[in-house]
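Right, one structure below, let's go through it.
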Amino acid sequence: MTLLDVENLWVQFPTRQGLFDAVRGVSFSLGKERLGIVGESGSGKSMTGRAILRLIRPPGIVKADHIDLEGQDLLKKSEKEMRSVRGQRISMVMQDPKFSLNPVMTVGDQLVEAYRLAHGSARKGATQAALEALDSVSIRNPERVMRAYPHEMSGGMGQRIMIAMMLIPNPQILIADEPTSALDVSVQRQVLSIMDRLVVDRGMGLIFISHDLNLVADFCDRVLIMYAGRVVEVCDADKLHQATHPYTRGLLNSLPRLDVPKERLEVLQRDPAWAEAPSVSGRVR
Amino acid sequence: MTGTKTGTMTGTSMLSVKDLDVWFGHGDDRVDAVQGASFDVAKGESFGLVGESGSGKSTILRAITGLAKDWSGTIAVDGEPVGHKRAKSFYRKVQMVFQDPYASLHPRHSVDAVLGETLHLHGFKDIDARVVKLLDDVGLGNRFRFRYPHQLSGGQRQRVAIARALAGEPEILLLDEPTSALDVSVQAEILNLLTDLRAEHGLTYVMVSHDLAVVGHICARLAVMKDARVVEIMDVDALRKRRATHPYTQDLLRNSIGA
Amino acid sequence: MTATPDTPSGAPTLRQWLLTETPTSRRHARFASAYKGWLSFRSNTMAMIGLLILVALVLIALAAPLLAPHDPYVQNLSSRLLPLGSEGYTLGTDSLGRDILSRLIYGSRITLYIVGLVALIAPIAGLLVGTVSGYAGGIVDTVLMRITDIFLAFPRLVLALAFVAALGAGIENAVLAISLTAWPPYARIARAETLTIRNSDFISAVRLQGAGPFRIIVKHIWPLCISSLIVRVTLDMAGIILAAAGLGFLGLGAQPPSPEWGAMISEGRRFILDYWWVATMPGLAIFTVSLAFNLLGDGLRDVLDPKDAGS
């Protein structure tokens with residue numbers, strides 16, 4: 001079943017030298033699966049995520065044939081209708097929890113507020129739900145965390161709180177933009193497995209945006225590889241290491257590996273044709 | 001490069017750190033960032049410091065360079081212990097490359113100004129020729145000489161930062177996560193550059209990283225840090241063969257290679 | 001560069017030369033970055049209006065003898081308090097029959113003189129105190145900042161009044177008094193900027209090259225503080241003009257018969273109900289120039305502020 005269907009998505013920014021295309025003609029669909037979008041900085045992967053939620057600020061322009069969320073075109077919705085889509089039906093987790101949580105409110109107050117916004121219930125029920133939400137992201141001492149302020153939390157803890165908060169309204173789709181890049185390796189895996197469990201249990205669709213090929217290969221079902229605003233390759237995540245596009249191969253080969261020592265690393269030779277070729281469609285019918 | 005990757009310590013020690021404590025703040029606010037760290041780095045060797053954020057690995061570099069002021073223990077460069085106040089000659093021997101290339105270049109100084117000033121501070125006279133040579137050494141070329149940092153990509157900035165560190169012809173280069181802010185394809189370029197520079201200039205490296213694979217690629221030996229302490233010092237070869245003894249090192253290894 | 005279809009090959013146009021991403025010399029790089037700053041400033045219409053007004057003010061001050069229809073000091077008691085649009089006296093005359101337009105034109109010189117001197121003295125003093133205080137820290141910081149606080153604790157005009165009263169009335173003393181009261185905010189700003197810059201990697205890097213505090217403050221910290229100070233100066237200019245006018249109005253600044261705008265308002269005040277233009281015209285002049293500085297300051301903030309320049 002298709003939750004989200006994006007066709008021919010463009011994101012453009014006017015500059016002194018004319019229009020700059022940050023995303024060029026990206027198409028993909030998302031079912032109840034984990035879809036990875038990988039690419040280097042400037043490849044347009046984050047822009048794609050933000051464009052779906054129409055979070056590109058003017059003068060940036062978002063164009064697409066359609067961005068269908070269960071058959072409804074998000075591009076045709078008014079800004080007010082979009083507000084109920086954001087958070088309620090599609091949630092987003094950003095890279096650094098420090099900038100996403102309100103520094104002057106306790107974690108508990110923020111969770112309760114999020115719950116009441118989503119479900120409009122009484123305070124008491126909301127508190128209970130917030131505790132459960134913290135519990136679901138494996139926070140051991142939820143009562144104490146509820147009373148704490150964001151700055152008292154470690155990075156991994158903060159990111160788990162963010163995930164808990166984003167999942168409160170029971171969205172159909174979670175967009176995670178580099179959710180673990182600011183975290184240490186050991187914490188990274190914990191946070192990912194928590195996110196994974198929640199997404200699978202609730203039958204949600206996940207768009208996982210990352211620069212880390214290995215992480216995406218381990219963690220997703222399907223992967224889009226982006227370069228210069230285009231999707232250059234689509235493949236199953238477990239077959240990522242057999243990817244064929246020279247760009248993907250180049251990225252994989254340029255990673256140092258502890259188990260395969262080399263004198264020199266392979267350097268990616270960029271071919272201008274990669275940026276010119278049309279975008280590969282990531283849509284499944 | 002293979003010649004120096006012996007793992008065991010040979011020759012004289014270029015950098016020696018003994019019982020190093022580093023702390024921030026006083027009294028109740030005191031935070032002990034490094035406790036009792038000891039290691040030796042031989043001339044021409046490259047040595048890694050691995051650990052998670054807050055483990056104190058970068059703080060060791062800052063103490064060696066004198067940027068962290070409160071420390072006790074012994075730091076010796078080329079057999080000579082350094083005091084709390086560094087002489088100018090110290091900076092001809094030891095230089096550092098910082099983690100974030102976006103923060104380590106002055107936003108209003110062109111590449112030319114950055115390198116020219118550094119050369120001037122080290123007392124060189126033939127500054128023009130040397131700037132050109134430095135840019136060549138780090139693979140940038142004269143084209144980039146008069147650009148400002150905002151006209152450079154992350155990788156190019158890091159090359160400028162490396163050129164600046166090399167300007168005084170140091171013997172020890174301290175690398176504080178030099179590639180963690182860069183894309184993997186750029187990381188490969190910078191790591192190759194570092195490999196080449198070490199071979200050309202006979203440099204001694206101390207590299208801090210959270211990425212075991214990156215340290216494994218550059219270094220022959222490494223120290224693993226956790227909670228301000230060095231928990232294990234071992235050869236990278238031994239690490240590859242999974243001969244790590246400390247559970248934390250084994251943990252890191254699992255996360256890095258997988259299973 | 002992409003969008004350069006007009007000249008396919010051959011020598012680049014001046015515009016292309018200035019917009020290049022690969023400057024070929026130190027001078028070229030400096031011109032190019034100045035030109036880009038100018039382009040982004042030019043796109044701000046309000047700031048351009050401010051700049052044009054100020055350029056006009058400077059030209060008027062320079063060409064005062066040519067522009068002024070009358071001598072600003074010559075009294076003509078037979079034609080005193082003429083209304084606007086009188087024959088030969090476009091803006092009328094004051095209580096001594098002097099041409100108001102001519103006095104305004106000559107007064108622009110005094111205004112520019114005051115503004116220029118204060119703009120030189122106050123920010124530079126503030127920059128010195130603030131950066132030294134911020135970079136040195138410890139006891140130096142405490143002492144310098146307490147002194148700053150003492151100056152900040154008094155209302156500006158009251159302090160200026162006290163100074164002028166002590167030093168004696170006159171335009172130089174007014175400038176001195178205003179400068180003395182204007183520097184503390186600059187010191188505060190410079191210190192705050194220095195505190196954030198001090199711990200950045202690029203300062204650490206230059207310290208590792210063996211640079212001393214003097215070089216770091218002058219060559220590395222000042223260039224980053226100056227832009228926010230320039231912005232602040234232009235925004236403060238209005239206040240400075242008004243303070244100078246206020247001192248003039250109270251008879252402590254420029255002395256009669258000098259055509260200082262504040263002093264002119266003060267004179268005109270006596271007949272403001274019957275002959276409103278005598279006080280209003282210099283008031284409008286002060287208003288226009290203050291507004292121009294404010295607009296310019298807003299525009300400069302967009303161009304110069306390094307925090308936004310990255311985007």
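Chain labels A, B, ... are given in the sequence in which chains occur in the structure tokens; within each chain residues are numbered consecutively from 1, and ligands are likewise numbered from 1 in the order shown.
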For Gln72 of chain A, please output as a short mmCIF file (atom, residue, chain, number, x, y, z; two decimals) with N, CA, C and O atoms, in the first residue's frame all residues within 12 Å (counting only C-alpha atoms; exclusion window: fewer than 2 positions along the same chain).
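What follows is the written file around07.cif:
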```cif
data_model
loop_
_atom_site.label_atom_id
_atom_site.label_comp_id
_atom_site.auth_asym_id
_atom_site.auth_seq_id
_atom_site.Cartn_x
_atom_site.Cartn_y
_atom_site.Cartn_z
N THR A 2 0.52 2.21 -0.80
CA THR A 2 1.34 3.41 -0.90
C THR A 2 0.83 4.49 0.05
O THR A 2 -0.34 4.86 -0.01
N LEU A 3 1.69 4.94 0.92
CA LEU A 3 1.32 6.04 1.81
C LEU A 3 1.58 7.38 1.13
O LEU A 3 0.75 8.28 1.17
N LEU A 4 2.76 7.47 0.55
CA LEU A 4 3.19 8.74 -0.01
C LEU A 4 3.70 8.50 -1.42
O LEU A 4 4.42 7.53 -1.67
N ASP A 5 3.27 9.36 -2.32
CA ASP A 5 3.70 9.21 -3.70
C ASP A 5 4.16 10.57 -4.21
O ASP A 5 3.36 11.50 -4.28
N VAL A 6 5.42 10.67 -4.53
CA VAL A 6 5.99 11.95 -4.97
C VAL A 6 6.40 11.80 -6.43
O VAL A 6 7.08 10.84 -6.78
N HIS A 66 2.86 15.83 -8.40
CA HIS A 66 2.05 15.70 -7.20
C HIS A 66 2.89 15.19 -6.04
O HIS A 66 3.91 14.53 -6.23
N ILE A 67 2.43 15.51 -4.82
CA ILE A 67 2.96 14.88 -3.60
C ILE A 67 1.73 14.32 -2.90
O ILE A 67 1.06 15.04 -2.16
N ASP A 68 1.40 13.09 -3.19
CA ASP A 68 0.15 12.53 -2.67
C ASP A 68 0.38 11.83 -1.35
O ASP A 68 1.18 10.90 -1.25
N LEU A 69 -0.37 12.27 -0.34
CA LEU A 69 -0.39 11.55 0.93
C LEU A 69 -1.72 10.82 0.97
O LEU A 69 -2.78 11.44 1.09
N GLU A 70 -1.69 9.54 0.80
CA GLU A 70 -2.89 8.71 0.70
C GLU A 70 -3.90 9.31 -0.27
O GLU A 70 -5.07 9.49 0.05
N LEU A 74 -0.61 17.12 -1.37
CA LEU A 74 -0.20 18.10 -0.35
C LEU A 74 0.03 19.47 -0.95
O LEU A 74 -0.11 20.49 -0.27
N LEU A 75 0.38 19.51 -2.24
CA LEU A 75 0.65 20.81 -2.86
C LEU A 75 -0.63 21.62 -3.02
O LEU A 75 -0.58 22.84 -3.16
N LYS A 76 -1.78 20.94 -3.02
CA LYS A 76 -3.04 21.66 -3.20
C LYS A 76 -3.62 22.13 -1.88
O LYS A 76 -4.63 22.81 -1.86
N LYS A 77 -2.99 21.72 -0.78
CA LYS A 77 -3.56 22.09 0.52
C LYS A 77 -3.18 23.52 0.88
O LYS A 77 -2.14 24.03 0.48
N GLU A 81 -4.23 23.87 6.32
CA GLU A 81 -4.40 22.42 6.26
C GLU A 81 -3.06 21.71 6.42
O GLU A 81 -2.98 20.63 7.00
N MET A 82 -1.99 22.35 5.87
CA MET A 82 -0.66 21.75 5.99
C MET A 82 -0.25 21.63 7.44
O MET A 82 0.40 20.69 7.85
N VAL A 85 -1.29 18.60 8.79
CA VAL A 85 -0.57 17.44 8.25
C VAL A 85 0.76 17.28 8.99
O VAL A 85 1.13 16.20 9.43
#
```
Which residues in segment 186-216 of chain A does DSSP call helix (DSSP H, G or I)? List them as a PyMOL selection string. chain A and resi 186-202+213-216
What lies within 12 Å of Pro278 of chain A using only C-alpha atoms, ignoring chain neighbours under 5 positions off, as a PyMOL selection string? chain A and resi 8+23-27+226-233+273
Restrict the distance test to only C-alpha atoms, flag each residue of chain B within 9 Å of chain C, and return the flagged residues as JSON, numbers by chain. {"B": [65, 66, 67, 86, 87, 88, 89, 90, 91, 92, 94, 95, 96, 97, 98, 99, 100, 101, 103, 104, 105, 106, 107, 108, 109, 110, 112, 113, 114, 117, 118, 119, 121, 122, 142, 143, 144, 145, 146, 147, 148, 150, 151, 161, 164, 165, 168]}
Output the contact residues of chain B with respect to chain A at a cut-off of 6 Å, based on only C-alpha atoms, as an mmCIF file with C-alpha atoms, in the first residue's frame.
```cif
data_model
loop_
_atom_site.group_PDB
_atom_site.id
_atom_site.type_symbol
_atom_site.label_atom_id
_atom_site.label_comp_id
_atom_site.auth_asym_id
_atom_site.auth_seq_id
_atom_site.Cartn_x
_atom_site.Cartn_y
_atom_site.Cartn_z
ATOM 1 C CA GLU B 52 33.441 8.935 22.409
ATOM 2 C CA ASP B 183 31.669 13.981 3.315
ATOM 3 C CA SER B 185 34.480 11.164 -0.621
ATOM 4 C CA ALA B 188 39.168 9.943 1.450
ATOM 5 C CA ASN B 192 45.250 10.397 1.329
ATOM 6 C CA ALA B 213 38.180 2.864 10.730
ATOM 7 C CA GLY B 216 42.961 2.381 11.739
#
```
Report as JSON, numbers by chain all protein, DNA and RNA residues lying within 10 Å of Ala174 of chain C, evaluated on only C-alpha atoms, omitting residues in the same chain fewer than 3 positions from it. {"C": [114, 118, 160, 161, 163, 164, 165, 167, 168, 169, 170, 171, 177, 178, 179, 180, 243, 244, 245, 247, 248, 252, 253, 254]}
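You can rank A:Val104, A:Met94, A:Leu167, A:Met195 by their closest distance to Ala130 of chain A using only C-alpha atoms, and at the top of that list sits A:Leu167.
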The residue from C:Asn173, C:Thr196, C:Ser133, C:Thr181 with the smallest atom-to-atom distance to Val158 of chain C, counting only C-alpha atoms, is C:Thr181
Who sits within 12 Å of segment 134-138 of chain C, only C-alpha atoms, same chain under 5 positions skipped, as number ranges by chain: C: 126-129, 143-145, 187-199, 203, 212-218, 220-222, 225
Quick one: residues within 10 Å of Leu203 of chain B, only C-alpha atoms, excluding same-chain residues fewer than 6 positions away - as a PyMOL selection string? chain B and resi 43-46+166+169-173+194-195+197
Residues of the last selection are to be written out with N, CA, C and O atoms, as an mmCIF file, in the first residue's frame.
```
data_model
loop_
_atom_site.group_PDB
_atom_site.id
_atom_site.type_symbol
_atom_site.label_atom_id
_atom_site.label_comp_id
_atom_site.auth_asym_id
_atom_site.auth_seq_id
_atom_site.Cartn_x
_atom_site.Cartn_y
_atom_site.Cartn_z
ATOM 1 N N LYS B 43 59.311 8.936 16.842
ATOM 2 C CA LYS B 43 59.523 9.824 15.701
ATOM 3 C C LYS B 43 59.024 9.146 14.433
ATOM 4 O O LYS B 43 59.330 7.991 14.162
ATOM 5 N N GLY B 44 58.215 9.861 13.667
ATOM 6 C CA GLY B 44 57.695 9.325 12.409
ATOM 7 C C GLY B 44 56.524 8.376 12.567
ATOM 8 O O GLY B 44 55.973 7.900 11.589
ATOM 9 N N GLU B 45 56.133 8.121 13.797
ATOM 10 C CA GLU B 45 55.004 7.226 14.016
ATOM 11 C C GLU B 45 53.700 7.988 13.848
ATOM 12 O O GLU B 45 53.682 9.218 13.865
ATOM 13 N N SER B 46 52.597 7.251 13.675
ATOM 14 C CA SER B 46 51.335 7.957 13.821
ATOM 15 C C SER B 46 50.466 7.192 14.800
ATOM 16 O O SER B 46 50.318 5.974 14.732
ATOM 17 N N LEU B 166 51.248 23.288 8.381
ATOM 18 C CA LEU B 166 52.544 22.879 7.845
ATOM 19 C C LEU B 166 53.495 24.056 7.631
ATOM 20 O O LEU B 166 54.689 23.852 7.412
ATOM 21 N N GLU B 169 56.844 24.288 9.216
ATOM 22 C CA GLU B 169 57.612 23.049 9.063
ATOM 23 C C GLU B 169 57.726 22.304 10.381
ATOM 24 O O GLU B 169 58.832 22.051 10.876
ATOM 25 N N PRO B 170 56.597 21.928 10.949
ATOM 26 C CA PRO B 170 56.621 21.258 12.254
ATOM 27 C C PRO B 170 57.059 19.800 12.112
ATOM 28 O O PRO B 170 57.141 19.273 11.007
ATOM 29 N N GLU B 171 57.332 19.200 13.258
ATOM 30 C CA GLU B 171 57.686 17.775 13.234
ATOM 31 C C GLU B 171 56.520 16.929 13.708
ATOM 32 O O GLU B 171 56.383 15.765 13.334
ATOM 33 N N ILE B 172 55.686 17.522 14.582
ATOM 34 C CA ILE B 172 54.532 16.792 15.089
ATOM 35 C C ILE B 172 53.262 17.503 14.609
ATOM 36 O O ILE B 172 53.137 18.716 14.742
ATOM 37 N N LEU B 173 52.354 16.736 14.052
ATOM 38 C CA LEU B 173 51.068 17.301 13.655
ATOM 39 C C LEU B 173 49.980 16.642 14.498
ATOM 40 O O LEU B 173 49.838 15.415 14.489
ATOM 41 N N LEU B 194 46.947 13.397 3.923
ATOM 42 C CA LEU B 194 47.685 13.271 5.185
ATOM 43 C C LEU B 194 48.723 12.160 5.077
ATOM 44 O O LEU B 194 49.852 12.303 5.573
ATOM 45 N N THR B 195 48.343 11.060 4.429
ATOM 46 C CA THR B 195 49.296 9.960 4.236
ATOM 47 C C THR B 195 50.507 10.448 3.446
ATOM 48 O O THR B 195 51.662 10.199 3.828
ATOM 49 N N LEU B 197 51.607 13.534 2.958
ATOM 50 C CA LEU B 197 52.388 14.571 3.642
ATOM 51 C C LEU B 197 53.309 13.957 4.684
ATOM 52 O O LEU B 197 54.434 14.407 4.871
#
```
Please return, as a tab-separated table (two decimals) with N, CA and C atoms, in the first residue's frame, all residues of segment 76-254 of chain B that DSSP assigns to strand (DSSP E) on the basis of the backbone.
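To be explicit, this is the file written out as result_23.tsv:
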```tsv
chain	number	residue	atom	x	y	z
B	76	ALA	N	56.53	15.88	27.16
B	76	ALA	CA	57.88	16.13	26.63
B	76	ALA	C	57.85	16.00	25.12
B	77	VAL	N	58.45	16.99	24.45
B	77	VAL	CA	58.56	16.96	22.99
B	77	VAL	C	60.03	16.77	22.65
B	80	GLU	N	62.41	16.94	25.51
B	80	GLU	CA	62.43	18.12	26.37
B	80	GLU	C	61.07	18.37	26.99
B	81	PRO	N	60.98	18.36	28.31
B	81	PRO	CA	59.68	18.65	28.93
B	81	PRO	C	59.24	20.08	28.62
B	94	VAL	N	55.43	21.76	16.97
B	94	VAL	CA	54.13	21.12	17.14
B	94	VAL	C	53.04	21.98	16.53
B	95	GLN	N	52.24	21.41	15.69
B	95	GLN	CA	51.10	22.15	15.12
B	95	GLN	C	49.84	21.30	15.17
B	96	MET	N	48.71	21.95	14.97
B	96	MET	CA	47.44	21.24	15.15
B	96	MET	C	46.49	21.58	14.01
B	97	VAL	N	45.69	20.59	13.60
B	97	VAL	CA	44.61	20.80	12.64
B	97	VAL	C	43.30	20.57	13.39
B	172	ILE	N	55.69	17.52	14.58
B	172	ILE	CA	54.53	16.79	15.09
B	172	ILE	C	53.26	17.50	14.61
B	173	LEU	N	52.35	16.74	14.05
B	173	LEU	CA	51.07	17.30	13.65
B	173	LEU	C	49.98	16.64	14.50
B	174	LEU	N	49.24	17.46	15.23
B	174	LEU	CA	48.13	16.94	16.03
B	174	LEU	C	46.86	17.11	15.21
B	175	LEU	N	46.14	16.03	14.99
B	175	LEU	CA	44.96	16.09	14.13
B	175	LEU	C	43.73	15.81	14.97
B	176	ASP	N	42.90	16.83	15.13
B	176	ASP	CA	41.72	16.68	15.98
B	176	ASP	C	40.51	16.40	15.08
B	204	THR	N	55.34	13.31	12.41
B	204	THR	CA	54.77	12.44	13.44
B	204	THR	C	53.33	12.87	13.65
B	205	TYR	N	52.40	11.93	13.62
B	205	TYR	CA	50.99	12.29	13.77
B	205	TYR	C	50.44	11.82	15.11
B	206	VAL	N	49.60	12.63	15.71
B	206	VAL	CA	48.71	12.15	16.76
B	206	VAL	C	47.32	12.50	16.30
B	207	MET	N	46.49	11.49	16.04
B	207	MET	CA	45.17	11.76	15.48
B	207	MET	C	44.07	11.34	16.45
B	208	VAL	N	43.16	12.29	16.67
B	208	VAL	CA	42.01	12.01	17.52
B	208	VAL	C	40.83	11.73	16.63
B	209	SER	N	40.09	10.67	16.93
B	209	SER	CA	38.88	10.41	16.15
B	209	SER	C	37.92	9.53	16.92
B	221	ARG	N	49.37	2.64	15.90
B	221	ARG	CA	49.04	2.30	17.29
B	221	ARG	C	47.95	3.25	17.75
B	222	LEU	N	47.20	2.81	18.75
B	222	LEU	CA	46.18	3.72	19.24
B	222	LEU	C	45.93	3.52	20.73
B	223	ALA	N	45.41	4.58	21.33
B	223	ALA	CA	44.98	4.50	22.72
B	223	ALA	C	43.47	4.65	22.74
B	224	VAL	N	42.80	3.82	23.50
B	224	VAL	CA	41.34	3.93	23.62
B	224	VAL	C	41.02	4.65	24.91
B	225	MET	N	40.18	5.68	24.82
B	225	MET	CA	39.84	6.46	26.01
B	225	MET	C	38.38	6.31	26.36
B	226	LYS	N	38.13	6.26	27.66
B	226	LYS	CA	36.75	6.24	28.13
B	226	LYS	C	36.70	6.97	29.46
B	229	ARG	N	39.89	8.50	30.98
B	229	ARG	CA	41.07	7.64	31.19
B	229	ARG	C	41.42	6.87	29.92
B	230	VAL	N	42.72	6.60	29.79
B	230	VAL	CA	43.16	5.71	28.71
B	230	VAL	C	42.94	4.29	29.21
B	231	VAL	N	42.07	3.53	28.54
B	231	VAL	CA	41.79	2.18	29.05
B	231	VAL	C	42.66	1.13	28.36
B	232	GLU	N	43.15	1.42	27.17
B	232	GLU	CA	43.94	0.41	26.49
B	232	GLU	C	44.81	1.07	25.42
B	233	ILE	N	46.06	0.62	25.31
B	233	ILE	CA	46.92	1.06	24.21
B	233	ILE	C	47.33	-0.18	23.44
B	234	MET	N	47.11	-0.18	22.14
B	234	MET	CA	47.42	-1.38	21.38
B	234	MET	C	47.78	-1.06	19.94
B	235	ASP	N	48.35	-2.05	19.25
B	235	ASP	CA	48.63	-1.91	17.83
B	235	ASP	C	47.35	-2.07	17.03
```
For segment 150-152 of chain C, work out the shell of residues within 9 Å, counting only C-alpha atoms and skipping chain neighbours fewer than 4 positions away, then give it as a short mmCIF file (atom, residue, chain, number, x, y, z; two decimals) with N, CA, C and O atoms, in the first residue's frame.
```cif
data_model
loop_
_atom_site.label_atom_id
_atom_site.label_comp_id
_atom_site.auth_asym_id
_atom_site.auth_seq_id
_atom_site.Cartn_x
_atom_site.Cartn_y
_atom_site.Cartn_z
N MET C 145 35.17 47.06 32.92
CA MET C 145 33.71 46.98 32.80
C MET C 145 33.00 47.77 33.90
O MET C 145 31.93 48.32 33.68
N ARG C 146 33.60 47.84 35.08
CA ARG C 146 32.98 48.65 36.14
C ARG C 146 33.02 50.12 35.76
O ARG C 146 32.07 50.87 35.96
N ARG C 156 22.46 59.97 29.21
CA ARG C 156 23.47 60.56 28.34
C ARG C 156 23.46 62.09 28.40
O ARG C 156 24.50 62.72 28.60
N LEU C 159 24.79 63.61 31.67
CA LEU C 159 26.23 63.51 31.78
C LEU C 159 26.91 64.53 30.86
O LEU C 159 27.85 65.23 31.25
N LEU C 180 32.23 61.24 25.18
CA LEU C 180 32.48 60.64 26.49
C LEU C 180 31.27 59.85 26.98
O LEU C 180 31.42 58.88 27.72
N THR C 181 30.10 60.30 26.57
CA THR C 181 28.91 59.58 27.04
C THR C 181 28.49 58.49 26.07
O THR C 181 27.67 57.66 26.39
N ALA C 182 29.06 58.49 24.86
CA ALA C 182 28.59 57.55 23.85
C ALA C 182 29.40 56.27 23.78
O ALA C 182 28.93 55.28 23.23
N TRP C 183 30.63 56.26 24.32
CA TRP C 183 31.46 55.07 24.09
C TRP C 183 31.04 53.83 24.86
O TRP C 183 31.26 52.72 24.37
N PRO C 184 30.44 53.94 26.07
CA PRO C 184 30.24 52.68 26.82
C PRO C 184 29.43 51.60 26.09
O PRO C 184 29.81 50.44 26.15
N PRO C 185 28.34 51.95 25.39
CA PRO C 185 27.63 50.87 24.69
C PRO C 185 28.52 50.16 23.67
O PRO C 185 28.42 48.95 23.51
#
```
Would you mind listing, for every residue of chain A within 12 Å of chain C, the two atoms forming the shortest contact and the distance between them in Å to one decimal, using only C-alpha atoms, sorted by chain and ascending residue number, as CSV?
```
residue,atom,partner,partner_atom,distance
A:Thr15,CA,C:Ala3,CA,10.5
A:Arg16,CA,C:Ala3,CA,8.6
A:Gln17,CA,C:Ala3,CA,5.3
A:Gly18,CA,C:Ala3,CA,7.0
A:Leu19,CA,C:Ala3,CA,10.2
A:Phe20,CA,C:Thr2,CA,10.8
```
Point-to-point distance from atom CA of Ala118 of chain A to atom CA of Glu178 of chain A, Å rounded to tenths: 24.9 Å
Atom pair atom CA of Pro282 of chain C + atom CA of Met264 of chain C, distance 6.6 Å
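Proximity of A:Ile175, A:Val223, A:Ala122, A:Met146 to Gln95 of chain A, computed with only C-alpha atoms, is greatest for A:Ile175.
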